[in-house]
>>> print(open('data33.pdb').read())   # PDB, C-alpha atoms
ATOM      1  CA  MET L   1     194.992  41.022  46.969
ATOM      2  CA  VAL L   2     191.212  40.903  46.873
ATOM      3  CA  LEU L   3     188.875  39.501  44.245
ATOM      4  CA  PHE L   4     185.881  41.502  43.007
ATOM      5  CA  SER L   5     183.713  38.480  43.771
ATOM      6  CA  HIS L   6     184.855  38.434  47.419
ATOM      7  CA  ALA L   7     184.613  42.192  47.955
ATOM      8  CA  SER L   8     181.121  42.497  46.515
ATOM      9  CA  ARG L   9     178.304  43.020  49.029
ATOM     10  CA  ARG L  10     180.793  44.154  51.695
ATOM     11  CA  PRO L  11     179.210  46.937  53.797
ATOM     12  CA  VAL L  12     180.522  50.491  53.326
ATOM     13  CA  MET L  13     180.633  52.165  56.764
ATOM     14  CA  SER L  14     181.054  55.779  57.801
ATOM     15  CA  ILE L  15     183.616  56.193  60.582
ATOM     16  CA  SER L  16     182.089  59.394  61.984
ATOM     17  CA  SER L  17     178.562  58.054  62.301
ATOM     18  CA  ALA L  18     179.272  54.318  62.458
ATOM     19  CA  SER L  19     176.392  53.850  60.052
ATOM     20  CA  SER L  20     176.192  52.037  56.764
ATOM     21  CA  LEU L  21     176.101  53.841  53.410
ATOM     22  CA  GLY L  22     175.191  50.641  51.618
ATOM     23  CA  THR L  23     177.032  47.616  50.314
ATOM     24  CA  VAL L  24     179.530  47.302  47.475
ATOM     25  CA  ALA L  25     177.567  46.568  44.313
ATOM     26  CA  GLY L  26     180.256  47.055  41.699
ATOM     27  CA  PHE L  27     183.625  48.415  40.716
ATOM     28  CA  VAL L  28     184.381  51.332  38.419
ATOM     29  CA  VAL L  29     187.670  50.608  36.624
ATOM     30  CA  ASP L  30     189.916  52.888  34.572
ATOM     31  CA  ALA L  31     191.355  50.177  32.339
ATOM     32  CA  LYS L  32     194.014  52.444  30.781
ATOM     33  CA  ARG L  33     195.503  53.056  34.235
ATOM     34  CA  SER L  34     194.766  49.516  35.534
ATOM     35  CA  ARG L  35     192.982  51.037  38.560
ATOM     36  CA  VAL L  36     189.757  50.738  40.487
ATOM     37  CA  VAL L  37     188.671  54.404  40.664
ATOM     38  CA  ALA L  38     185.361  54.096  42.501
ATOM     39  CA  LEU L  39     182.879  51.728  44.110
ATOM     40  CA  ARG L  40     179.236  51.494  43.136
ATOM     41  CA  LEU L  41     176.856  51.185  46.084
ATOM     42  CA  SER L  42     173.713  49.098  46.275
ATOM     43  CA  GLY L  43     170.510  51.118  46.470
ATOM     44  CA  SER L  44     172.227  54.438  45.859
ATOM     45  CA  ASP L  45     172.833  56.803  42.975
ATOM     46  CA  ASP L  46     176.160  57.800  44.492
ATOM     47  CA  VAL L  47     179.569  56.336  43.947
ATOM     48  CA  VAL L  48     182.424  56.259  46.435
ATOM     49  CA  ASP L  49     185.599  57.542  44.810
ATOM     50  CA  TRP L  50     188.670  55.513  45.660
ATOM     51  CA  GLU L  51     190.282  58.544  47.352
ATOM     52  CA  ARG L  52     187.490  58.632  49.968
ATOM     53  CA  ILE L  53     188.171  55.103  51.166
ATOM     54  CA  GLU L  54     189.929  54.979  54.536
ATOM     55  CA  GLY L  55     190.192  51.228  54.773
ATOM     56  CA  PHE L  56     189.303  48.263  52.598
ATOM     57  CA  GLY L  57     189.022  45.616  55.302
ATOM     58  CA  PRO L  58     187.989  41.967  55.158
ATOM     59  CA  ASP L  59     184.606  42.744  56.742
ATOM     60  CA  ALA L  60     183.857  46.331  55.750
ATOM     61  CA  VAL L  61     184.970  49.250  53.640
ATOM     62  CA  THR L  62     185.283  52.450  55.665
ATOM     63  CA  VAL L  63     184.980  56.115  54.679
ATOM     64  CA  ALA L  64     185.516  59.153  56.945
ATOM     65  CA  ASP L  65     181.953  60.444  57.004
ATOM     66  CA  ASP L  66     178.557  60.201  55.339
ATOM     67  CA  ASN L  67     178.863  63.473  53.488
ATOM     68  CA  VAL L  68     179.102  62.657  49.839
ATOM     69  CA  PRO L  69     181.128  65.390  48.117
ATOM     70  CA  GLY L  70     178.899  67.376  45.788
ATOM     71  CA  GLU L  71     180.672  66.373  42.629
ATOM     72  CA  GLN L  72     180.179  62.710  43.446
ATOM     73  CA  HIS L  73     176.384  62.969  43.733
ATOM     74  CA  GLY L  74     174.477  61.024  41.133
ATOM     75  CA  ARG L  75     177.612  60.022  39.251
ATOM     76  CA  VAL L  76     176.524  56.427  39.022
ATOM     77  CA  GLN L  77     175.021  57.159  35.601
ATOM     78  CA  ALA L  78     178.163  58.825  34.276
ATOM     79  CA  LEU L  79     180.312  55.938  35.451
ATOM     80  CA  SER L  80     177.995  53.162  34.337
ATOM     81  CA  GLY L  81     179.358  53.148  30.784
ATOM     82  CA  GLU L  82     180.722  49.921  29.315
ATOM     83  CA  GLN L  83     184.269  51.257  29.398
ATOM     84  CA  PHE L  84     184.281  51.200  33.222
ATOM     85  CA  ALA L  85     183.331  47.547  33.564
ATOM     86  CA  LEU L  86     185.448  44.420  33.115
ATOM     87  CA  MET L  87     183.379  41.514  34.386
ATOM     88  CA  ASN L  88     181.980  38.990  31.892
ATOM     89  CA  LYS L  89     183.608  40.679  28.908
ATOM     90  CA  ARG L  90     185.634  38.919  26.232
ATOM     91  CA  VAL L  91     189.371  39.561  26.366
ATOM     92  CA  LEU L  92     191.261  40.362  23.155
ATOM     93  CA  ASP L  93     195.005  40.840  22.933
ATOM     94  CA  ASP L  94     196.558  43.491  20.688
ATOM     95  CA  GLY L  95     197.512  40.712  18.268
ATOM     96  CA  GLY L  96     193.831  40.076  17.581
ATOM     97  CA  ASN L  97     193.460  36.796  19.487
ATOM     98  CA  GLU L  98     190.853  36.114  22.142
ATOM     99  CA  ALA L  99     191.963  35.109  25.629
ATOM    100  CA  GLY L 100     188.756  34.028  27.340
ATOM    101  CA  ILE L 101     186.063  35.882  29.289
ATOM    102  CA  VAL L 102     186.727  37.960  32.435
ATOM    103  CA  GLN L 103     185.333  35.939  35.341
ATOM    104  CA  ASP L 104     186.918  37.838  38.229
ATOM    105  CA  VAL L 105     189.392  40.621  38.906
ATOM    106  CA  ASP L 106     192.155  40.635  41.512
ATOM    107  CA  PHE L 107     193.091  44.043  42.933
ATOM    108  CA  ASP L 108     195.255  45.622  45.603
ATOM    109  CA  ALA L 109     192.958  46.801  48.405
ATOM    110  CA  ASP L 110     195.506  49.438  49.485
ATOM    111  CA  THR L 111     196.049  51.167  46.177
ATOM    112  CA  GLY L 112     193.179  50.048  43.946
ATOM    113  CA  ARG L 113     195.615  48.733  41.367
ATOM    114  CA  VAL L 114     194.207  45.919  39.218
ATOM    115  CA  THR L 115     196.751  43.129  39.633
ATOM    116  CA  ALA L 116     195.164  40.400  37.509
ATOM    117  CA  LEU L 117     192.229  39.473  35.329
ATOM    118  CA  ILE L 118     190.974  35.969  36.017
ATOM    119  CA  THR L 119     189.612  34.655  32.721
ATOM    120  CA  SER L 120     188.060  31.414  31.590
ATOM    121  CA  THR L 121     191.454  30.440  30.141
ATOM    122  CA  GLY L 122     193.833  31.652  32.862
ATOM    123  CA  SER L 123     195.192  34.701  34.648
ATOM    124  CA  ILE L 124     196.379  37.896  32.939
ATOM    125  CA  ASP L 125     198.671  40.402  34.661
ATOM    126  CA  GLY L 126     196.899  43.707  35.334
ATOM    127  CA  ASP L 127     199.832  45.639  33.846
ATOM    128  CA  ARG L 128     198.878  44.234  30.447
ATOM    129  CA  LEU L 129     195.512  46.059  30.421
ATOM    130  CA  LEU L 130     195.229  48.509  27.512
ATOM    131  CA  GLY L 131     191.568  49.452  27.424
ATOM    132  CA  SER L 132     188.005  48.380  27.876
ATOM    133  CA  GLY L 133     184.983  49.023  25.680
ATOM    134  CA  SER L 134     181.628  47.723  24.618
ATOM    135  CA  TYR L 135     183.167  44.898  22.569
ATOM    136  CA  ALA L 136     186.110  43.704  24.618
ATOM    137  CA  VAL L 137     188.748  44.232  27.255
ATOM    138  CA  VAL L 138     192.030  44.705  25.364
ATOM    139  CA  VAL L 139     195.344  43.481  26.786
ATOM    140  CA  ARG L 140     198.910  43.441  25.516
ATOM    141  CA  ALA L 141     199.786  40.079  23.977
ATOM    142  CA  ALA L 142     201.816  37.816  26.289
ATOM    143  CA  ALA L 143     204.516  37.148  23.711
ATOM    144  CA  GLN L 144     205.058  37.586  20.018
ATOM    145  CA  GLN L 145     202.961  35.019  18.197
ATOM    146  CA  ALA L 146     203.357  33.864  14.665
ATOM    147  CA  GLY L 147     200.585  34.718  12.298
TER     148      GLY L 147
ATOM    149  CA  MET Z   1     196.258  32.231   7.027
ATOM    150  CA  ARG Z   2     193.669  32.088   4.280
ATOM    151  CA  ALA Z   3     192.640  35.567   3.129
ATOM    152  CA  SER Z   4     189.015  34.433   3.078
ATOM    153  CA  THR Z   5     189.142  34.022   6.868
ATOM    154  CA  LEU Z   6     189.866  37.759   7.219
ATOM    155  CA  VAL Z   7     186.492  38.696   5.800
ATOM    156  CA  LYS Z   8     183.911  39.629   8.459
ATOM    157  CA  LYS Z   9     186.577  39.836  11.187
ATOM    158  CA  PRO Z  10     185.776  42.672  13.592
ATOM    159  CA  VAL Z  11     188.059  45.734  13.577
ATOM    160  CA  VAL Z  12     188.596  46.566  17.260
ATOM    161  CA  THR Z  13     190.305  49.586  18.867
ATOM    162  CA  LEU Z  14     192.624  49.352  21.868
ATOM    163  CA  ASP Z  15     189.714  50.951  23.764
ATOM    164  CA  GLY Z  16     187.761  47.769  23.151
ATOM    165  CA  GLU Z  17     185.230  49.140  20.657
ATOM    166  CA  ASP Z  18     184.355  47.244  17.486
ATOM    167  CA  ILE Z  19     184.224  50.009  14.893
ATOM    168  CA  ALA Z  20     183.819  48.013  11.677
ATOM    169  CA  GLN Z  21     184.369  44.639  10.097
ATOM    170  CA  VAL Z  22     186.521  43.550   7.170
ATOM    171  CA  ARG Z  23     184.566  43.529   3.938
ATOM    172  CA  ASP Z  24     187.280  42.755   1.411
ATOM    173  CA  VAL Z  25     191.049  42.485   1.115
ATOM    174  CA  LEU Z  26     192.912  45.020  -1.070
ATOM    175  CA  TYR Z  27     196.046  43.691  -2.790
ATOM    176  CA  GLU Z  28     198.782  45.784  -4.335
ATOM    177  CA  GLY Z  29     198.966  45.728  -8.125
ATOM    178  CA  SER Z  30     201.695  43.085  -8.284
ATOM    179  CA  GLY Z  31     199.617  40.826  -6.070
ATOM    180  CA  GLY Z  32     202.480  40.243  -3.645
ATOM    181  CA  ALA Z  33     201.117  41.974  -0.568
ATOM    182  CA  VAL Z  34     197.984  43.192   1.154
ATOM    183  CA  ILE Z  35     197.700  46.989   1.295
ATOM    184  CA  GLY Z  36     194.595  47.098   3.440
ATOM    185  CA  PHE Z  37     190.958  46.253   3.885
ATOM    186  CA  THR Z  38     187.667  47.716   2.788
ATOM    187  CA  LEU Z  39     185.180  47.808   5.631
ATOM    188  CA  SER Z  40     181.540  47.433   6.398
ATOM    189  CA  GLY Z  41     179.609  48.430   9.484
ATOM    190  CA  ARG Z  42     178.919  46.088  12.369
ATOM    191  CA  GLY Z  43     175.532  44.554  12.922
ATOM    192  CA  MET Z  44     172.849  43.059  10.808
ATOM    193  CA  TRP Z  45     171.730  46.162   8.930
ATOM    194  CA  ALA Z  46     175.046  47.910   8.470
ATOM    195  CA  GLY Z  47     176.175  48.311   4.874
ATOM    196  CA  PRO Z  48     179.513  49.127   3.256
ATOM    197  CA  LYS Z  49     181.497  52.003   4.731
ATOM    198  CA  ASP Z  50     183.360  54.538   2.605
ATOM    199  CA  VAL Z  51     186.408  54.216   4.828
ATOM    200  CA  ALA Z  52     189.214  51.685   4.541
ATOM    201  CA  LEU Z  53     191.955  50.414   6.811
ATOM    202  CA  PRO Z  54     195.535  50.635   5.477
ATOM    203  CA  TRP Z  55     197.753  47.707   6.514
ATOM    204  CA  SER Z  56     200.281  50.154   7.989
ATOM    205  CA  ALA Z  57     197.726  51.037  10.686
ATOM    206  CA  VAL Z  58     197.005  47.439  11.706
ATOM    207  CA  MET Z  59     198.523  46.673  15.118
ATOM    208  CA  GLY Z  60     197.592  43.021  15.142
ATOM    209  CA  CYS Z  61     195.753  40.597  12.940
ATOM    210  CA  GLY Z  62     194.828  37.413  14.744
ATOM    211  CA  ARG Z  63     192.304  34.601  14.823
ATOM    212  CA  ASP Z  64     189.532  36.731  16.268
ATOM    213  CA  ALA Z  65     190.026  40.373  15.336
ATOM    214  CA  VAL Z  66     191.979  43.040  13.488
ATOM    215  CA  MET Z  67     193.349  45.462  16.091
ATOM    216  CA  VAL Z  68     193.870  49.210  15.508
ATOM    217  CA  GLU Z  69     194.845  52.017  17.846
ATOM    218  CA  SER Z  70     191.717  54.097  17.318
ATOM    219  CA  GLU Z  71     189.039  54.973  14.814
ATOM    220  CA  GLY Z  72     191.304  57.835  13.681
ATOM    221  CA  VAL Z  73     193.524  55.510  11.632
ATOM    222  CA  LEU Z  74     190.762  54.748   9.130
ATOM    223  CA  ARG Z  75     191.124  56.495   5.794
ATOM    224  CA  ASP Z  76     188.859  57.517   3.003
ATOM    225  CA  GLN Z  77     188.540  54.433   0.834
ATOM    226  CA  GLU Z  78     189.071  56.294  -2.424
ATOM    227  CA  ASP Z  79     192.199  58.009  -1.072
ATOM    228  CA  LEU Z  80     193.731  54.687  -0.091
ATOM    229  CA  VAL Z  81     192.931  53.065  -3.417
ATOM    230  CA  ASN Z  82     194.309  56.053  -5.346
ATOM    231  CA  SER Z  83     197.481  56.392  -3.260
ATOM    232  CA  GLN Z  84     198.677  52.885  -4.108
ATOM    233  CA  ALA Z  85     198.581  50.736  -7.171
ATOM    234  CA  VAL Z  86     195.772  48.484  -6.145
ATOM    235  CA  GLY Z  87     195.278  45.243  -8.014
ATOM    236  CA  ASP Z  88     191.972  45.579  -9.765
ATOM    237  CA  ARG Z  89     191.680  41.943 -10.695
ATOM    238  CA  ASN Z  90     190.197  39.256  -8.535
ATOM    239  CA  VAL Z  91     192.578  36.282  -8.615
ATOM    240  CA  LEU Z  92     189.938  33.921  -7.260
ATOM    241  CA  GLY Z  93     188.748  31.662 -10.048
ATOM    242  CA  SER Z  94     191.812  32.387 -12.200
ATOM    243  CA  ARG Z  95     193.884  29.597 -13.684
ATOM    244  CA  LEU Z  96     197.384  29.103 -12.319
ATOM    245  CA  LEU Z  97     199.920  28.124 -15.002
ATOM    246  CA  THR Z  98     203.571  27.210 -14.661
ATOM    247  CA  GLU Z  99     206.131  28.974 -16.849
ATOM    248  CA  THR Z 100     206.490  25.661 -18.662
ATOM    249  CA  GLY Z 101     202.816  25.729 -19.563
ATOM    250  CA  VAL Z 102     201.315  23.271 -17.112
ATOM    251  CA  ASP Z 103     197.884  24.016 -15.656
ATOM    252  CA  LEU Z 104     198.082  23.646 -11.871
ATOM    253  CA  GLY Z 105     194.445  24.423 -11.169
ATOM    254  CA  VAL Z 106     191.987  27.185 -10.323
ATOM    255  CA  VAL Z 107     192.726  29.614  -7.467
ATOM    256  CA  ALA Z 108     190.273  29.093  -4.587
ATOM    257  CA  ASP Z 109     191.913  31.225  -1.895
ATOM    258  CA  VAL Z 110     194.939  33.428  -1.220
ATOM    259  CA  ILE Z 111     197.388  32.457   1.530
ATOM    260  CA  VAL Z 112     198.869  35.411   3.427
ATOM    261  CA  GLU Z 113     201.492  35.661   6.150
ATOM    262  CA  VAL Z 114     201.435  38.369   8.804
ATOM    263  CA  GLY Z 115     204.731  40.116   9.436
ATOM    264  CA  GLU Z 116     205.929  43.680   8.921
ATOM    265  CA  ARG Z 117     203.891  43.471   5.756
ATOM    266  CA  MET Z 118     201.072  41.104   5.020
ATOM    267  CA  ASP Z 119     202.692  39.051   2.273
ATOM    268  CA  VAL Z 120     200.902  36.869  -0.217
ATOM    269  CA  ILE Z 121     202.869  33.621   0.061
ATOM    270  CA  GLY Z 122     200.717  31.216  -1.898
ATOM    271  CA  TYR Z 123     197.457  30.202  -3.450
ATOM    272  CA  GLU Z 124     195.068  27.481  -2.531
ATOM    273  CA  VAL Z 125     194.028  25.839  -5.794
ATOM    274  CA  GLU Z 126     191.514  23.290  -6.868
ATOM    275  CA  ALA Z 127     194.156  20.890  -8.083
ATOM    276  CA  SER Z 128     194.341  20.001 -11.747
ATOM    277  CA  PRO Z 129     195.021  16.379 -12.783
ATOM    278  CA  ALA Z 130     198.548  17.499 -13.749
ATOM    279  CA  LEU Z 131     199.455  17.870 -10.075
ATOM    280  CA  GLY Z 132     198.614  14.228  -9.452
ATOM    281  CA  THR Z 133     197.508  14.862  -5.861
ATOM    282  CA  GLU Z 134     194.800  12.986  -4.011
ATOM    283  CA  GLN Z 135     193.498  16.153  -2.337
ATOM    284  CA  ARG Z 136     191.024  18.279  -4.187
ATOM    285  CA  HIS Z 137     192.528  21.475  -2.705
ATOM    286  CA  VAL Z 138     196.275  22.016  -2.323
ATOM    287  CA  LEU Z 139     198.516  24.964  -1.440
ATOM    288  CA  ILE Z 140     201.028  26.262  -4.002
ATOM    289  CA  PRO Z 141     203.891  28.559  -2.952
ATOM    290  CA  LEU Z 142     204.576  31.822  -4.758
ATOM    291  CA  PRO Z 143     207.933  33.472  -5.489
ATOM    292  CA  ASP Z 144     208.928  36.741  -3.704
ATOM    293  CA  ALA Z 145     208.300  38.781  -6.779
ATOM    294  CA  LEU Z 146     205.151  37.713  -8.429
ATOM    295  CA  SER Z 147     204.342  38.521 -12.006
ATOM    296  CA  VAL Z 148     200.689  38.585 -12.823
ATOM    297  CA  SER Z 149     199.086  39.738 -15.989
ATOM    298  CA  GLY Z 150     195.479  40.388 -16.733
ATOM    299  CA  GLU Z 151     195.308  37.063 -18.452
ATOM    300  CA  ALA Z 152     196.966  34.450 -16.301
ATOM    301  CA  LEU Z 153     198.816  33.779 -13.084
ATOM    302  CA  MET Z 154     202.204  32.259 -13.848
ATOM    303  CA  VAL Z 155     204.583  30.649 -11.422
ATOM    304  CA  PRO Z 156     207.952  28.924 -11.917
ATOM    305  CA  ALA Z 157     207.600  25.244 -12.760
ATOM    306  CA  ALA Z 158     209.353  24.313  -9.494
ATOM    307  CA  ALA Z 159     206.302  25.548  -7.548
ATOM    308  CA  ALA Z 160     204.658  22.196  -8.319
ATOM    309  CA  ASP Z 161     207.423  20.448  -6.328
ATOM    310  CA  PHE Z 162     206.621  22.349  -3.120
ATOM    311  CA  VAL Z 163     202.897  21.709  -2.867
ATOM    312  CA  SER Z 164     201.417  21.381   0.654
ATOM    313  CA  ASP Z 165     198.218  19.746   1.803
ATOM    314  CA  ASP Z 166     197.592  22.087   4.715
ATOM    315  CA  LEU Z 167     198.747  25.346   6.320
ATOM    316  CA  ALA Z 168     200.801  23.610   9.030
ATOM    317  CA  GLY Z 169     203.827  22.891   6.848
ATOM    318  CA  PHE Z 170     203.190  25.497   4.206
ATOM    319  CA  GLY Z 171     205.428  28.257   5.583
ATOM    320  CA  ALA Z 172     208.457  25.932   5.405
ATOM    321  CA  ALA Z 173     207.517  24.844   1.867
ATOM    322  CA  VAL Z 174     207.363  28.502   0.766
ATOM    323  CA  ASP Z 175     210.799  29.176   2.266
ATOM    324  CA  GLN Z 176     212.298  26.118   0.547
ATOM    325  CA  PHE Z 177     210.709  27.044  -2.752
ATOM    326  CA  ARG Z 178     211.970  30.643  -2.576
ATOM    327  CA  ASP Z 179     215.452  29.432  -1.589
ATOM    328  CA  SER Z 180     215.485  27.071  -4.557
ATOM    329  CA  LEU Z 181     214.683  29.979  -6.902
ATOM    330  CA  ARG Z 182     217.621  32.000  -5.571
ATOM    331  CA  GLY Z 183     219.728  28.918  -6.382
TER     332      GLY Z 183
END
>>> encode(input="data33.pdb", output="structure tokens")
Amino acid sequence: MVLFSHASRRPVMSISSASSLGTVAGFVVDAKRSRVVALRLSGSDDVVDWERIEGFGPDAVTVADDNVPGEQHGRVQALSGEQFALMNKRVLDDGGNEAGIVQDVDFDADTGRVTALITSTGSIDGDRLLGSGSYAVVVRAAAQQAG
Amino acid sequence: MRASTLVKKPVVTLDGEDIAQVRDVLYEGSGGAVIGFTLSGRGMWAGPKDVALPWSAVMGCGRDAVMVESEGVLRDQEDLVNSQAVGDRNVLGSRLLTETGVDLGVVADVIVEVGERMDVIGYEVEASPALGTEQRHVLIPLPDALSVSGEALMVPAAAADFVSDDLAGFGAAVDQFRDSLRG
């Protein structure tokens, strides 16, 4: 498992040219599926879709080549919406109770699955993610709570 | 919880968007349950909305928010009010009398309990001297089936024996009171 905070600023390298595309500047998350779906690059308008990643290593993220598929060009705007971000958002459970602020996110570097949200009040299993919007990240309540 | 604490709570979708906030609580005509909420917009300049949230569409009602699946569950406010017998009288400020004619005090808040329904389980009253309590505000349990008229709120005399000082023990007091009525 890797934390967003540890994976940030890791270089993204092309295997074919052994050159750098940039460094990891952010993570695009599909909260409904509990998945990282793309990486945002520093100093670039392009995103790297999760499917393009060959390896998410401790020192670098690798992709096959420098050629950014046409449909991925300039998508950083489209994927910069609030719903794709988790960090520093308040967490609400579906019972209407707050559960801290997202301080970090733990994910599986092989699959992109979000395994846990690290909040100011504890850790929340990634499977409990329901959605993410401009107001809050919504998770399933841990257990039934009385009114 | 006190119904007054519901007012201004954000209404949030499972997609994490705050689509409205609670403006007022709508009670059914008998006063025994909450049927939904009227809403206002979010933000400093937002006024009343003409949509309302029926209780049946509330997924969770907690300390910090009222949760709904999506904006699609909101209904036209007039439709909701017309479809159910909504209590048109504000109980706040009304006098609470026992069936034996003792004045228990003036209603300051409504105490509700979240379950399948949102039941009205009691009133917070500004205690009358008849109650003989030290606290200015006390909680009085209500029977399952509440009878309210336009004129007064009447409860069985035994309600005065199950008064609580705070919400912590109130749920148990309500249960005991309701059990005692079933005899």
>>> interface_residues(input="data33.pdb", of="chain L", to="chain Z", cutoff="6 Å", atoms="all atoms listed in the file", output="count of residues only")
13
>>> atom_distance(input="data33.pdb", atom1="atom CA of L:Ala31", atom2="atom CA of L:Asp65")
28.3 Å
>>> atom_distance(input="data33.pdb", atom1="atom CA of Z:Arg182", atom2="atom CA of Z:Glu28")
23.4 Å
>>> residues_around(input="data33.pdb", residues="Z:Gly171", least_positions_apart="4", cutoff="12 Å", atoms="all atoms listed in the file", output="list of chain:residue names")
L:Ala146, L:Gly147, Z:Met1, Z:Ile111, Z:Val112, Z:Glu113, Z:Val114, Z:Asp119, Z:Val120, Z:Ile121, Z:Gly122, Z:Leu139, Z:Ile140, Z:Pro141, Z:Leu142, Z:Phe162, Z:Val163, Z:Ser164, Z:Asp165, Z:Asp166, Z:Leu167, Z:Asp175, Z:Gln176, Z:Phe177, Z:Arg178
>>> residues_around(input="data33.pdb", residues="Z:Gly105", least_positions_apart="2", cutoff="7 Å", atoms="all atoms listed in the file", output="list in words")
Arg95, Leu96, Asp103, Val107, Val125, Glu126, Ala127 and Ser128 of chain Z
>>> write_last_selection(input="data33.pdb", atoms="C-alpha atoms", output="short mmCIF file (atom, residue, chain, number, x, y, z; two decimals), keeping the file's coordinate frame")
data_model
loop_
_atom_site.label_atom_id
_atom_site.label_comp_id
_atom_site.auth_asym_id
_atom_site.auth_seq_id
_atom_site.Cartn_x
_atom_site.Cartn_y
_atom_site.Cartn_z
CA ARG Z 95 193.88 29.60 -13.68
CA LEU Z 96 197.38 29.10 -12.32
CA ASP Z 103 197.88 24.02 -15.66
CA VAL Z 107 192.73 29.61 -7.47
CA VAL Z 125 194.03 25.84 -5.79
CA GLU Z 126 191.51 23.29 -6.87
CA ALA Z 127 194.16 20.89 -8.08
CA SER Z 128 194.34 20.00 -11.75
#
>>> residues_around(input="data33.pdb", residues="L:Arg35", least_positions_apart="3", cutoff="6 Å", atoms="only C-alpha atoms", output="PyMOL selection string")
chain L and resi 29-30+112-114
>>> write_last_selection(input="data33.pdb", atoms="C-alpha atoms", output="PDB file, keeping the file's coordinate frame")
ATOM      1  CA  VAL L  29     187.670  50.608  36.624  1.00  0.00           C
ATOM      2  CA  ASP L  30     189.916  52.888  34.572  1.00  0.00           C
ATOM      3  CA  GLY L 112     193.179  50.048  43.946  1.00  0.00           C
ATOM      4  CA  ARG L 113     195.615  48.733  41.367  1.00  0.00           C
ATOM      5  CA  VAL L 114     194.207  45.919  39.218  1.00  0.00           C
TER       6      VAL L 114
END
>>> resolve_selection(input="data33.pdb", expression="the PyMOL selection byres ((chain Z and resi 3) around 6)", output="VMD selection string")
chain Z and resid 2 4 to 6 110 to 111
>>> resolve_selection(input="data33.pdb", expression="the PyMOL selection byres ((chain L and resi 22) around 10)", output="NGL selection string")
:L and (9-14 or 19-21 or 23-25 or 40-44)
>>> resolve_selection(input="data33.pdb", expression="the PyMOL selection byres ((chain Z and resi 36) around 12)", output="count of residues only")
41
>>> residues_near_point(input="data33.pdb", point="(187.0, 53.7, 61.0)", cutoff="8 Å", atoms="all atoms listed in the file", output="PDB file with C-alpha atoms, keeping the file's coordinate frame")
ATOM      1  CA  MET L  13     180.633  52.165  56.764  1.00  0.00           C
ATOM      2  CA  SER L  14     181.054  55.779  57.801  1.00  0.00           C
ATOM      3  CA  ILE L  15     183.616  56.193  60.582  1.00  0.00           C
ATOM      4  CA  SER L  16     182.089  59.394  61.984  1.00  0.00           C
ATOM      5  CA  ALA L  18     179.272  54.318  62.458  1.00  0.00           C
ATOM      6  CA  GLU L  54     189.929  54.979  54.536  1.00  0.00           C
ATOM      7  CA  GLY L  55     190.192  51.228  54.773  1.00  0.00           C
ATOM      8  CA  THR L  62     185.283  52.450  55.665  1.00  0.00           C
ATOM      9  CA  VAL L  63     184.980  56.115  54.679  1.00  0.00           C
ATOM     10  CA  ALA L  64     185.516  59.153  56.945  1.00  0.00           C
TER      11      ALA L  64
END
>>> residues_near_point(input="data33.pdb", point="(188.9, 36.8, 34.0)", cutoff="10 Å", atoms="only C-alpha atoms", output="list in words")
Leu86, Met87, Asn88, Lys89, Arg90, Val91, Ala99, Gly100, Ile101, Val102, Gln103, Asp104, Val105, Asp106, Ala116, Leu117, Ile118, Thr119, Ser120, Thr121, Gly122, Ser123 and Ile124 of chain L
>>> atom_distance(input="data33.pdb", atom1="atom CA of L:Asp93", atom2="atom CA of L:Arg140")
5.4 Å
>>> axis_aligned_box(input="data33.pdb", around="stretch 2-12 of chain L", padding_each_side="3 Å", output="lines of an AutoDock Vina configuration file")
center_x = 184.8
center_y = 44.5
center_z = 48.4
size_x = 18.9
size_y = 18.1
size_z = 16.8
>>> closest_residue(input="data33.pdb", among="Z:Leu131, Z:Val138, Z:Met154, Z:Ala160", to="Z:Ala108", atoms="only C-alpha atoms")
Z:Val138
>>> decode(input="data33.pdb", residues="stretch 22-30 of chain L", atoms="N, CA and C atoms", output="JSON list (two decimals), in the first residue's frame")
[["chain", "number", "residue", "atom", "x", "y", "z"],
["L", 22, "GLY", "N", 7.37, 14.10, -16.23],
["L", 22, "GLY", "CA", 7.03, 15.05, -15.17],
["L", 22, "GLY", "C", 7.02, 14.32, -13.85],
["L", 23, "THR", "N", 6.48, 14.95, -12.82],
["L", 23, "THR", "CA", 6.35, 14.27, -11.54],
["L", 23, "THR", "C", 4.88, 14.22, -11.16],
["L", 24, "VAL", "N", 4.55, 13.28, -10.27],
["L", 24, "VAL", "CA", 3.17, 13.11, -9.84],
["L", 24, "VAL", "C", 2.74, 14.32, -9.01],
["L", 25, "ALA", "N", 1.72, 15.01, -9.48],
["L", 25, "ALA", "CA", 1.26, 16.21, -8.78],
["L", 25, "ALA", "C", -0.07, 15.98, -8.06],
["L", 26, "GLY", "N", -0.78, 14.93, -8.48],
["L", 26, "GLY", "CA", -2.07, 14.69, -7.83],
["L", 26, "GLY", "C", -2.70, 13.41, -8.33],
["L", 27, "PHE", "N", -3.81, 13.06, -7.66],
["L", 27, "PHE", "CA", -4.48, 11.80, -7.97],
["L", 27, "PHE", "C", -5.93, 12.08, -8.34],
["L", 28, "VAL", "N", -6.37, 11.48, -9.43],
["L", 28, "VAL", "CA", -7.77, 11.60, -9.85],
["L", 28, "VAL", "C", -8.48, 10.34, -9.36],
["L", 29, "VAL", "N", -9.50, 10.52, -8.50],
["L", 29, "VAL", "CA", -10.14, 9.38, -7.86],
["L", 29, "VAL", "C", -11.60, 9.28, -8.28],
["L", 30, "ASP", "N", -12.04, 8.07, -8.65],
["L", 30, "ASP", "CA", -13.46, 7.80, -8.84],
["L", 30, "ASP", "C", -13.95, 7.23, -7.51]]
